[in-house]
Each structure stands twice: as structure tokens, then as C-alpha cells.
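Shown next, in C-alpha cells, is the structure this report addresses.
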Amino acid sequence: MMNLDFLVIEGNIGAGKTTFAKMLGEEYDAKLILERFAENPFLPKFYKDPDKYSFPLELSFLADRYGQLKRELTERDLFHQNTVADYYFMKSLIFAQNTLAQDEYNLYRNFFDIIYERLPKPDLFVYLHLSEEQLLVNIRKRGRDYEQSIDADYLKKIREGYFTFFTQQNDFPVLIVDTSAIDFVAYSAHYRLIRDLITKPIDWTGIRREILLPEN
């Protein structure tokens, strides 16, 4: 990954982004930045009462994500040449679009725009795509209590938010990988297939492309 100093692995809820980021980070001895969502005290409350807790939830995520990324990306690491993260800051905006009332979102967007410009941009943003039905299977399988109320409509809105953002932004290249027909956890060959798409020595500057992986 010599040409990717800062790589982001993203995806919808249940897409396996954290698992893949860990696998890639371990293989390349990269510095890992993992989202600390489990530490957010508003998350379980939000899933039970979204109207009441959506604004404090999104503000707390905004502050925590900025603080973590700013610290991790600006501090020099003498032991790791590359950095792999399982989220990026624009995730905050995508989720806020689907949880906040319009007046709250307008205020939130003002904060987001100011902060976003201060953060380093990734050399490549990889989005792992799965259908809503497959995402729900993964969510049920991992068994987090506060996620069990998530439905397909909510996941669809999140996915549409990501794809809309991809068409509108020009700050970094985006690689969309459809993983519907593969299992990179169970089969090492599937993991290597995605890894090779990401790490092959090409210049990603100014490129936005979608890769549909073949059935295996």
C-alpha cells in the first residue's frame, strides 16, 4: 500500500467494514483507526426513541469523530507507514440527514462544513456494498441489542445518502465494491480479491470507479 498513506474502508451498518479494515491493517502492519460507536451513551437511547435523542447523538458523534481523526491523522507515527480507518468524517453528515429534523440538520450542517475542511482527506475511500436484506442478516447475526430495531427502509436511506454524496464530492477517489456474492471472512481468496483491487499500484487521483466483483 505504498501509494495509500490514508485508506478508508466504509459501508452501511453490517457491511463488514470494521472486520475488513482489521484484516487489511494486520496484513500490512498499518495504523488502525476504528470508530468508537460502542462508547456513545446516546446510541442505545436513540434506537429506542429517535425523535428525542437524534440531535444529541449526532452532535456527540460529530465531536468524537473529529477529535479522533484529527488526533490520529496529524500525529506522526514512527511505527506504521500506512493508516486504515473503518469510517470517515462525512459519515456524520449522511446519518444526520436521516435522523434530524430540517431545522436541526441546517444547524448541524454549519458545524460540519467548518470542521470538515480542517481534516486530511483519504487517498482512497472504499465502500463495501451489500443489499439491505444481507445487511439485516449480518446485523441479526452479531446480536447487538440496540441494533435489532433497524429495518430495511432505514438502511436504504443510509445507502442512498452515501451514493448521493459520492456523486457530489470531488475531494477523494471512491471505489465501490459489491460484496454480495462473496464472503471475505470465510474465504481467504475472496479477501485477496478485494485487497488486490485496493492495493494494486495505480494512481487513484481524480478517479471515481465502481467495481462489481464476480460470483465465486
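We name chains A, B, ... following the order of the C-alpha cells; residues begin at 1 in each chain, and ligands are numbered from 1 as shown.
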Write out as a tab-separated table the residues of region 110-169 of chain A that have any atom within 10 Å of an atom of region 62-85 of chain A, one row each with the nearest atom pair and its distance in Å to one decimal, counting only C-alpha atoms, sorted by chain and then rising number.
residue	atom	partner	partner_atom	distance
A:Phe111	CA	A:Leu62	CA	8.8
A:Phe112	CA	A:Leu62	CA	7.6
A:Ile115	CA	A:Tyr66	CA	7.5
A:Tyr116	CA	A:Tyr66	CA	8.3
A:Arg118	CA	A:Lys70	CA	8.3
A:Leu119	CA	A:Lys70	CA	6.4
A:Pro120	CA	A:Leu73	CA	7.2
A:Lys121	CA	A:Leu73	CA	9.7
A:Pro122	CA	A:Ala85	CA	9.4
A:Phe125	CA	A:Ala85	CA	9.7
Output for the residues just chosen: C-alpha atoms as a PDB file, in the first residue's frame:
ATOM      1  CA  PHE A 111     -20.826  22.851  12.212  1.00  0.00           C
ATOM      2  CA  PHE A 112     -19.969  20.007   9.852  1.00  0.00           C
ATOM      3  CA  ILE A 115     -14.877  21.108  10.726  1.00  0.00           C
ATOM      4  CA  TYR A 116     -14.708  19.044   7.529  1.00  0.00           C
ATOM      5  CA  ARG A 118      -9.770  21.007   8.607  1.00  0.00           C
ATOM      6  CA  LEU A 119      -9.344  17.251   8.230  1.00  0.00           C
ATOM      7  CA  PRO A 120      -6.914  15.405   5.914  1.00  0.00           C
ATOM      8  CA  LYS A 121      -8.647  13.644   3.023  1.00  0.00           C
ATOM      9  CA  PRO A 122      -8.159   9.927   2.306  1.00  0.00           C
ATOM     10  CA  PHE A 125     -12.298   5.674   0.003  1.00  0.00           C
TER      11      PHE A 125
END
DSSP-assigned strand (DSSP E) members of chain A, reported as an mmCIF file with C-alpha atoms, in the first residue's frame:
data_model
loop_
_atom_site.group_PDB
_atom_site.id
_atom_site.type_symbol
_atom_site.label_atom_id
_atom_site.label_comp_id
_atom_site.auth_asym_id
_atom_site.auth_seq_id
_atom_site.Cartn_x
_atom_site.Cartn_y
_atom_site.Cartn_z
ATOM 1 C CA PHE A 6 -4.555 7.019 4.323
ATOM 2 C CA LEU A 7 -7.169 4.422 3.322
ATOM 3 C CA VAL A 8 -10.823 4.407 4.416
ATOM 4 C CA ILE A 9 -12.991 1.275 4.427
ATOM 5 C CA GLU A 10 -16.654 2.233 4.709
ATOM 6 C CA GLY A 11 -20.084 0.717 4.215
ATOM 7 C CA LYS A 31 -2.142 2.018 11.892
ATOM 8 C CA LEU A 32 -5.831 1.320 12.578
ATOM 9 C CA ILE A 33 -8.453 3.955 13.309
ATOM 10 C CA THR A 83 -3.277 4.254 8.082
ATOM 11 C CA VAL A 84 -6.523 2.312 7.644
ATOM 12 C CA ALA A 85 -9.792 3.637 9.098
ATOM 13 C CA LEU A 124 -8.803 6.222 -1.368
ATOM 14 C CA PHE A 125 -12.298 5.674 0.003
ATOM 15 C CA VAL A 126 -13.560 2.087 -0.370
ATOM 16 C CA TYR A 127 -17.280 1.425 0.068
ATOM 17 C CA LEU A 128 -18.321 -2.203 0.692
ATOM 18 C CA HIS A 129 -21.803 -2.607 -0.763
ATOM 19 C CA VAL A 174 -14.154 6.414 -4.293
ATOM 20 C CA LEU A 175 -14.067 2.688 -5.035
ATOM 21 C CA ILE A 176 -17.421 0.905 -4.638
ATOM 22 C CA VAL A 177 -17.073 -2.849 -4.200
ATOM 23 C CA ASP A 178 -20.164 -5.042 -4.414
ATOM 24 C CA ARG A 208 -14.132 7.535 -9.216
ATOM 25 C CA ARG A 209 -14.994 3.992 -10.239
ATOM 26 C CA GLU A 210 -17.269 1.126 -9.308
ATOM 27 C CA ILE A 211 -16.069 -2.463 -9.248
ATOM 28 C CA LEU A 212 -18.600 -5.301 -9.287
#
For CA of Asp151 (chain A) and CA of Tyr191 (chain A), the interatomic separation in Å (one decimal):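 Separating CA of Asp151 (chain A) from CA of Tyr191 (chain A) is a distance of 27.8 Å.
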Residues of region 106-177 of chain A at most 12 Å from region 40-60 of chain A: nearest atom pair and distance in Å, only C-alpha atoms, as a Markdown table:
| residue | atom | partner | partner_atom | distance |
| --- | --- | --- | --- | --- |
| A:Asn106 | CA | A:Phe55 | CA | 11.6 |
| A:Leu107 | CA | A:Phe55 | CA | 10.3 |
| A:Tyr108 | CA | A:Leu59 | CA | 7.6 |
| A:Arg109 | CA | A:Leu59 | CA | 10.6 |
| A:Asn110 | CA | A:Leu59 | CA | 11.9 |
| A:Phe111 | CA | A:Leu59 | CA | 9.2 |
| A:Phe112 | CA | A:Leu59 | CA | 9.6 |
| A:Arg144 | CA | A:Pro44 | CA | 9.9 |
| A:Asp145 | CA | A:Pro44 | CA | 8.3 |
| A:Tyr146 | CA | A:Pro44 | CA | 5.1 |
| A:Glu147 | CA | A:Tyr47 | CA | 7.1 |
| A:Gln148 | CA | A:Tyr47 | CA | 8.8 |
| A:Ser149 | CA | A:Tyr47 | CA | 6.9 |
| A:Ile150 | CA | A:Tyr47 | CA | 7.9 |
| A:Asp151 | CA | A:Tyr47 | CA | 11.2 |
| A:Tyr154 | CA | A:Tyr47 | CA | 11.5 |
Polymer residues at most 10 Å from Phe163 (chain A), only C-alpha atoms, same-chain spacing of 4 or more positions, as a PyMOL selection string: chain A and resi 94+127+157-159+167-168+176
Just N, CA and C atoms for this one: save the residues we selected as a CSV table (one decimal), in the first residue's frame.
chain,number,residue,atom,x,y,z
A,94,ILE,N,-24.1,12.0,6.5
A,94,ILE,CA,-25.0,11.1,5.9
A,94,ILE,C,-26.0,10.6,6.9
A,127,TYR,N,-15.9,1.7,-0.5
A,127,TYR,CA,-17.3,1.4,0.1
A,127,TYR,C,-17.7,0.0,-0.2
A,157,LYS,N,-32.1,4.2,3.2
A,157,LYS,CA,-31.8,5.7,3.2
A,157,LYS,C,-30.4,6.0,3.5
A,158,ILE,N,-29.7,5.2,4.3
A,158,ILE,CA,-28.3,5.4,4.6
A,158,ILE,C,-27.5,5.1,3.3
A,159,ARG,N,-27.8,4.0,2.6
A,159,ARG,CA,-27.1,3.7,1.4
A,159,ARG,C,-27.3,4.8,0.3
A,167,THR,N,-21.6,11.1,-5.6
A,167,THR,CA,-21.8,11.8,-6.9
A,167,THR,C,-21.5,13.3,-6.8
A,168,GLN,N,-21.5,13.8,-5.6
A,168,GLN,CA,-21.4,15.2,-5.4
A,168,GLN,C,-20.0,15.7,-5.0
A,176,ILE,N,-16.3,1.6,-5.1
A,176,ILE,CA,-17.4,0.9,-4.6
A,176,ILE,C,-17.3,-0.6,-5.0
Pick from A:Tyr88, A:Asp183, A:Leu193, A:Leu155 nearest to Glu132 (chain A), counting only C-alpha atoms: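 Distance minimum relative to Glu132 (chain A) lands on A:Leu155.
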